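What's in coords_27.txt: compact mmCIF, C-alpha atoms
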```txt
# COMPACT_ATOMS: atom_id res chain seq x y z
CA MET G 1 -9.79 100.15 53.57
CA PRO G 2 -6.25 98.71 53.29
CA GLU G 3 -5.82 95.25 51.85
CA PRO G 4 -5.04 92.62 54.49
CA ASN G 5 -1.48 91.35 54.22
CA ASP G 6 -0.46 87.74 53.63
CA LYS G 7 0.25 87.05 57.30
CA ASP G 8 -3.22 88.21 58.40
CA LEU G 9 -4.89 86.16 55.68
CA ILE G 10 -2.88 83.05 56.60
CA ALA G 11 -3.76 83.50 60.28
CA GLU G 12 -7.45 83.74 59.35
CA VAL G 13 -7.24 80.58 57.22
CA LEU G 14 -5.55 78.72 60.07
CA GLU G 15 -8.32 79.84 62.40
CA GLY G 16 -10.77 78.08 60.09
CA ASN G 17 -11.86 80.85 57.73
CA THR G 18 -11.27 79.07 54.39
CA GLU G 19 -12.53 82.09 52.40
CA SER G 20 -9.43 84.08 53.41
CA PHE G 21 -7.36 81.84 51.15
CA GLU G 22 -9.03 83.25 48.01
CA PRO G 23 -7.20 86.63 48.04
CA LEU G 24 -3.92 84.70 48.26
CA VAL G 25 -4.91 82.64 45.19
CA VAL G 26 -5.85 85.81 43.29
CA LYS G 27 -2.59 87.50 44.24
CA TYR G 28 -0.20 84.71 43.23
CA GLN G 29 -1.98 82.69 40.55
CA ALA G 30 -0.49 84.62 37.60
CA ARG G 31 3.06 84.01 38.87
CA ILE G 32 2.36 80.29 39.26
CA PHE G 33 0.68 80.03 35.85
CA SER G 34 3.79 81.57 34.32
CA LEU G 35 6.02 79.00 36.03
CA ALA G 36 3.74 76.06 35.21
CA ARG G 37 3.74 77.00 31.51
CA ARG G 38 7.50 76.48 31.49
CA TYR G 39 6.91 72.84 32.41
CA ALA G 40 3.69 71.84 30.69
CA ARG G 41 2.47 72.62 27.21
CA ARG G 42 -1.17 71.68 27.28
CA GLU G 43 -3.39 74.20 28.99
CA ASP G 44 -5.31 71.54 30.95
CA GLU G 45 -2.00 70.24 32.33
CA VAL G 46 -0.99 73.78 33.31
CA GLU G 47 -4.30 74.31 35.12
CA ASP G 48 -3.91 70.98 36.91
CA ILE G 49 -0.44 71.96 38.12
CA VAL G 50 -1.59 75.36 39.41
CA GLN G 51 -4.60 73.83 41.12
CA THR G 52 -2.39 71.18 42.77
CA VAL G 53 -0.01 73.90 43.98
CA PHE G 54 -2.81 75.79 45.73
CA LEU G 55 -4.35 72.63 47.18
CA LYS G 56 -0.95 71.60 48.56
CA ALA G 57 -0.33 75.10 49.90
CA PHE G 58 -3.72 75.11 51.62
CA SER G 59 -3.28 71.69 53.20
CA LYS G 60 0.27 72.44 54.37
CA LEU G 61 -0.36 76.03 55.42
CA SER G 62 0.15 75.17 59.09
CA SER G 63 3.76 74.20 58.26
CA TYR G 64 4.48 77.69 56.88
CA ARG G 65 6.83 79.59 59.18
CA ALA G 66 6.57 83.33 58.78
CA ASP G 67 10.37 83.76 58.76
CA ALA G 68 10.33 84.01 54.93
CA PRO G 69 7.78 85.73 52.66
CA PHE G 70 4.75 83.63 51.78
CA GLU G 71 5.53 84.08 48.08
CA HIS G 72 8.88 82.28 48.48
CA TRP G 73 7.25 79.39 50.33
CA LEU G 74 4.50 79.16 47.71
CA MET G 75 6.97 79.30 44.81
CA ARG G 76 8.98 76.52 46.40
CA THR G 77 5.84 74.38 46.59
CA ALA G 78 5.11 75.32 42.96
CA THR G 79 8.62 74.36 41.85
CA TYR G 80 8.38 70.96 43.55
CA THR G 81 4.97 70.35 41.98
CA CYS G 82 6.27 71.31 38.52
CA TYR G 83 9.22 68.96 38.92
CA ASP G 84 6.90 66.13 39.99
CA PHE G 85 4.86 66.76 36.85
CA LEU G 86 8.01 66.71 34.73
CA ARG G 87 9.13 63.37 36.15
CA LYS G 88 5.73 61.83 35.49
CA HIS G 89 5.45 63.22 31.95
CA GLN G 90 9.01 62.97 30.73
CA ARG G 91 9.03 63.32 26.97
CA ASN G 92 12.75 63.20 26.19
CA ARG G 93 12.01 63.46 22.50
CA GLU G 94 14.49 64.02 19.71
CA TRP G 95 13.20 66.20 16.89
CA ASN G 96 14.45 67.59 13.58
CA ALA G 97 14.00 70.51 11.22
CA SER G 98 10.95 69.04 9.53
CA ASP G 99 9.10 69.28 12.89
CA LEU G 100 9.34 73.08 12.87
CA SER G 101 6.16 75.07 12.44
CA GLU G 102 5.90 78.02 10.05
CA GLU G 103 6.37 80.54 12.89
CA GLU G 104 9.42 78.68 14.16
CA ASN G 105 10.88 78.63 10.65
CA ASP G 106 10.27 82.37 10.38
CA TRP G 107 11.98 82.83 13.70
CA PHE G 108 15.09 81.13 12.32
CA GLU G 109 14.93 83.25 9.16
CA ASN G 110 14.71 86.51 11.09
CA ILE G 111 17.03 85.84 13.99
CA GLY G 112 20.13 87.16 12.24
CA ALA G 113 18.54 90.24 10.79
CA GLU G 114 16.27 91.55 13.50
CA SER G 115 16.74 92.76 17.05
CA THR G 116 15.50 90.70 19.99
CA LYS G 117 12.53 93.03 20.44
CA GLN G 118 11.19 92.21 17.01
CA ILE G 119 11.63 88.48 17.40
CA ASP G 120 8.47 86.49 17.75
CA ARG G 121 8.90 85.59 21.40
CA ALA G 122 6.18 82.98 21.37
CA ALA G 123 7.92 81.08 18.57
CA ALA G 124 11.23 81.31 20.42
CA SER G 125 9.52 79.99 23.51
CA THR G 126 8.11 77.03 21.59
CA LEU G 127 11.54 76.32 20.13
CA ILE G 128 13.11 76.41 23.58
CA ASN G 129 10.43 74.04 24.84
CA LYS G 130 11.31 71.64 22.03
CA LEU G 131 14.99 71.83 22.97
CA LEU G 132 14.08 71.25 26.60
CA ASP G 133 12.05 68.19 25.61
CA GLY G 134 15.32 66.53 24.60
CA LEU G 135 16.67 66.78 28.16
CA ASN G 136 15.98 64.49 31.07
CA SER G 137 13.61 65.83 33.73
CA GLU G 138 16.32 66.86 36.19
CA ASP G 139 18.38 68.74 33.59
CA ARG G 140 15.29 70.40 32.21
CA HIS G 141 14.28 71.48 35.71
CA ILE G 142 17.73 72.98 36.34
CA ILE G 143 17.86 74.84 32.99
CA THR G 144 14.32 76.14 33.45
CA LEU G 145 15.13 77.53 36.88
CA LEU G 146 18.52 78.89 35.87
CA GLU G 147 17.92 80.32 32.42
CA LEU G 148 14.20 81.07 32.33
CA GLU G 149 13.32 81.76 35.96
CA ARG G 150 16.67 83.45 36.66
CA GLN G 151 17.27 81.64 39.94
CA THR G 152 20.79 81.48 41.35
CA ILE G 153 22.89 78.31 41.54
CA LYS G 154 22.57 78.46 45.33
CA GLU G 155 18.77 78.65 45.18
CA ILE G 156 18.60 75.77 42.69
CA ALA G 157 20.91 73.66 44.84
CA LYS G 158 18.60 74.28 47.81
CA LEU G 159 15.51 73.40 45.79
CA THR G 160 16.89 70.26 44.17
CA GLY G 161 18.95 68.98 47.08
CA LEU G 162 22.05 68.83 44.85
CA SER G 163 25.40 70.43 45.66
CA GLU G 164 26.16 73.77 43.98
CA SER G 165 29.01 72.25 41.94
CA ASN G 166 26.71 69.43 40.81
CA VAL G 167 24.10 71.96 39.68
CA LYS G 168 26.78 73.83 37.71
CA VAL G 169 27.99 70.62 36.00
CA LYS G 170 24.46 69.50 35.15
CA ALA G 171 23.53 72.96 33.84
CA HIS G 172 26.67 73.04 31.68
CA ARG G 173 25.98 69.58 30.22
CA ALA G 174 22.32 70.36 29.62
CA ARG G 175 23.21 73.57 27.83
CA GLU G 176 25.76 71.70 25.73
CA LYS G 177 23.10 69.16 24.74
CA MET G 178 20.73 71.97 23.77
CA ARG G 179 23.50 73.63 21.77
CA ASN G 180 24.22 70.37 19.93
CA THR G 181 20.55 69.88 19.07
CA LEU G 182 20.33 73.45 17.86
CA GLY G 183 23.52 73.02 15.83
CA ARG G 184 22.11 69.86 14.21
CA LEU G 185 18.89 71.70 13.47
CA THR G 186 20.56 74.69 11.81
CA THR G 187 22.73 72.33 9.75
CA GLU G 188 19.65 70.36 8.62
CA LYS G 189 17.88 73.60 7.80
CA TYR G 190 20.54 75.41 5.83
CA ILE G 191 22.45 72.58 4.16
CA MET E 1 30.02 77.15 17.78
CA ALA E 2 29.94 80.70 19.14
CA LYS E 3 27.19 81.49 16.66
CA ILE E 4 25.08 78.62 17.98
CA ASP E 5 25.77 79.76 21.53
CA ASN E 6 24.65 83.25 20.60
CA LEU E 7 21.54 81.87 18.95
CA LEU E 8 20.71 79.79 22.03
CA ASP E 9 21.17 82.85 24.24
CA LYS E 10 18.84 84.88 22.03
CA MET E 11 16.25 82.10 22.15
CA LEU E 12 16.49 81.85 25.93
CA THR E 13 16.18 85.63 26.32
CA ALA E 14 13.17 85.76 24.00
CA SER E 15 11.58 82.82 25.81
CA ARG E 16 12.22 84.42 29.20
CA GLU E 17 10.55 87.62 28.04
CA ALA E 18 7.64 85.64 26.62
CA ALA E 19 6.50 84.64 30.11
CA ASP E 20 2.83 83.79 29.79
CA ASP E 21 0.98 84.59 32.98
CA ARG E 22 -2.57 84.56 31.66
CA VAL E 23 -5.08 83.23 34.15
CA PRO E 24 -8.32 81.53 33.08
CA TYR E 25 -11.50 83.39 34.01
CA LYS E 26 -12.56 82.86 37.64
CA PHE E 27 -9.81 80.32 38.18
CA GLU E 28 -9.64 81.24 41.89
CA LYS E 29 -13.31 80.22 42.28
CA ARG E 30 -12.47 76.79 40.88
CA VAL E 31 -9.55 76.42 43.29
CA MET E 32 -11.69 77.51 46.24
CA ALA E 33 -14.43 75.05 45.26
CA HIS E 34 -11.85 72.23 45.25
CA ILE E 35 -10.46 73.35 48.60
CA LYS E 36 -13.92 73.42 50.17
CA GLU E 37 -14.74 70.02 48.70
CA THR E 38 -11.46 68.55 49.98
CA SER E 39 -11.77 70.05 53.46
CA HIS E 40 -15.40 68.92 53.65
CA MET E 41 -14.31 65.38 52.72
CA ALA E 42 -11.58 65.49 55.37
CA LEU E 43 -14.10 66.76 57.90
CA SER E 44 -16.55 64.01 57.04
CA THR E 45 -13.81 61.40 57.49
CA TRP E 46 -13.18 62.74 61.00
CA ALA E 47 -16.90 62.89 61.66
CA GLN E 48 -17.23 59.22 60.67
CA TRP E 49 -14.37 58.30 62.97
CA SER E 50 -15.76 60.14 65.96
CA GLN E 51 -19.25 58.73 65.33
CA GLY E 52 -17.80 55.20 65.25
CA LEU E 53 -15.84 55.82 68.44
CA TRP E 54 -18.91 57.20 70.24
CA ARG E 55 -20.93 54.18 69.13
CA SER E 56 -18.31 51.79 70.50
CA VAL E 57 -18.37 53.45 73.94
CA ILE E 58 -21.45 51.57 75.26
CA PRO E 59 -20.35 48.03 74.19
CA CYS E 60 -16.82 48.68 75.52
CA PHE E 61 -18.23 49.92 78.83
CA ALA E 62 -20.52 46.87 79.09
CA ILE E 63 -17.60 44.50 78.40
CA MET E 64 -15.50 46.32 81.01
CA ILE E 65 -18.24 45.89 83.66
CA LEU E 66 -18.73 42.19 82.80
CA VAL E 67 -15.00 41.49 83.05
CA ALA E 68 -14.79 43.38 86.37
CA VAL E 69 -17.74 41.44 87.83
CA TRP E 70 -16.34 38.12 86.61
CA THR E 71 -12.85 38.81 88.04
CA ASN E 72 -14.31 39.91 91.34
CA THR E 73 -16.53 36.82 91.62
CA ARG E 74 -13.60 34.51 90.91
CA SER E 75 -11.31 36.00 93.54
CA THR E 76 -14.08 35.95 96.18
CA SER E 77 -14.86 32.28 95.51
CA ASN E 78 -11.13 31.40 95.89
CA GLN E 79 -11.00 33.17 99.23
CA THR E 80 -14.15 31.49 100.59
CA THR E 81 -13.29 27.89 99.64
CA LYS E 82 -11.87 26.08 102.69
CA ILE E 83 -9.35 23.28 102.18
CA SER E 84 -9.40 20.34 104.59
CA PRO E 85 -6.08 19.07 106.18
CA SER E 86 -6.31 15.76 104.30
CA GLU E 87 -6.56 17.73 101.03
CA LEU E 88 -3.53 19.76 102.07
CA ILE E 89 -1.51 16.55 102.68
CA ALA E 90 -2.68 15.19 99.34
CA GLN E 91 -1.61 18.39 97.64
CA SER E 92 1.90 18.35 99.22
CA ASP E 93 4.71 17.17 96.99
CA PRO E 94 6.42 13.95 98.31
CA VAL E 95 9.76 14.85 96.66
CA GLU E 96 9.84 18.20 98.48
CA ASP E 97 9.01 16.44 101.79
CA GLU E 98 11.84 13.91 101.36
CA LEU E 99 14.34 16.67 100.56
CA GLU E 100 13.34 18.56 103.69
CA THR E 101 13.75 15.40 105.85
CA ILE E 102 17.23 14.69 104.42
CA VAL E 103 18.40 18.28 105.00
CA MET E 104 17.02 18.32 108.54
CA LEU E 105 18.63 14.94 109.31
CA ALA E 106 22.04 16.23 108.13
CA ILE E 107 21.74 19.31 110.35
CA ASP E 108 20.60 17.26 113.33
CA SER E 109 23.49 14.76 113.00
CA ALA E 110 26.00 17.61 112.74
CA ASP E 111 24.62 19.11 115.99
CA ALA E 112 24.86 15.68 117.70
CA ASP E 113 28.56 15.31 116.68
CA GLN E 114 29.39 18.62 118.31
```

Show how you would write the structure in this file as structure tokens.
Amino acid sequence: MPEPNDKDLIAEVLEGNTESFEPLVVKYQARIFSLARRYARREDEVEDIVQTVFLKAFSKLSSYRADAPFEHWLMRTATYTCYDFLRKHQRNREWNASDLSEEENDWFENIGAESTKQIDRAAASTLINKLLDGLNSEDRHIITLLELERQTIKEIAKLTGLSESNVKVKAHRAREKMRNTLGRLTTEKYI
Amino acid sequence: MAKIDNLLDKMLTASREAADDRVPYKFEKRVMAHIKETSHMALSTWAQWSQGLWRSVIPCFAIMILVAVWTNTRSTSNQTTKISPSELIAQSDPVEDELETIVMLAIDSADADQ
């Protein structure tokens, strides 16, 4: 028996069959967990974000117009929810070389010698998160979407309500700030 | 500076590839339980509203009938009350009467001149 498609499931949910929402959750939860982990560190926070995304999606399902894939609509809801979380939990923390864990130190040691495949990706991810912590919520949101989620400037402008040129300027400044922090860190580490 | 840029690029690439999409066991069941709870709460709110509205139907209907009866009684009593001529004279405004006399006198005198 073929799997029902998103449109059929959505129609069933809108007719009052709440159970039809479960296959949609199963289908897209991994994608949303991956996005939420870019914004929150603690696992309970990540779970809260994902749960909120699905609750919002369920309650606003009647506003979904089938002119775009459901995944796009859901990811937009997820992005807004992640940004809301970021604004509420802004860390904006400066940090230095002594804050690095053993794995992160190893990552620095090996970066020059080894290929990207051999790099401990988890440690790199933690380091990036630390660099992102130094940015304000809007800049962090833009860099996350642009550099980690590989969204286009146009898509980010649409999501954030900023102009494309404004997104470019903010992304450039945010990257520069990250570069400066990284430069300070490498100087502290090797001098 | 280029070295730092390169390092940042490598970190971003590694972080991008380290996408963590693990899902806790039976997470969808948890979400569905929340959804059912929320929709049940929303339903019960509506149920409370409709119950309250249905309860208010009888008092509102009774008030409507009382007001209708009272209005009807008042208008009938106004129609049936007869006013005597002396009461009518007493009710007439002397200022209005004087004004009418003056105007009529002016018209009459004008007719007499012609």

Restrict the distance test to all atoms listed in the file, flag each residue of chain E within 8 Å of chain G, and return the flagged residues as a VMD selection string. chain E and resid 1 4 to 5 7 to 8 10 to 23 28 to 29 31 to 32 34 to 36

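You will find atom CA of Thr76 of chain E at 18.4 Å from atom CA of Met64 of chain E.
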
Tell me which protein, DNA and RNA residues are within 10 Å of segment 161-170 of chain G, counting only C-alpha atoms, leaving out same-chain ones fewer than 2 positions away, and put them as a list in words. Glu138, Asp139, Arg140, Ile142, Ile143, Leu146, Thr152, Ile153, Lys154, Glu155, Ile156, Ala157, Lys158, Leu159, His172, Arg173, Ala174, Arg175 and Glu176 of chain G

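Here atom CA of Lys3 of chain E and atom CA of Leu185 of chain G stand 13.2 Å from one another.
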
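Here atom CA of Tyr39 of chain G is placed at a distance of 9.8 Å from atom CA of Ser137 of chain G.
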
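Distance check against Glu45 of chain G using only C-alpha atoms: of G:Val13, G:Arg76, G:Lys60, G:Lys88, the minimum falls on G:Lys88.
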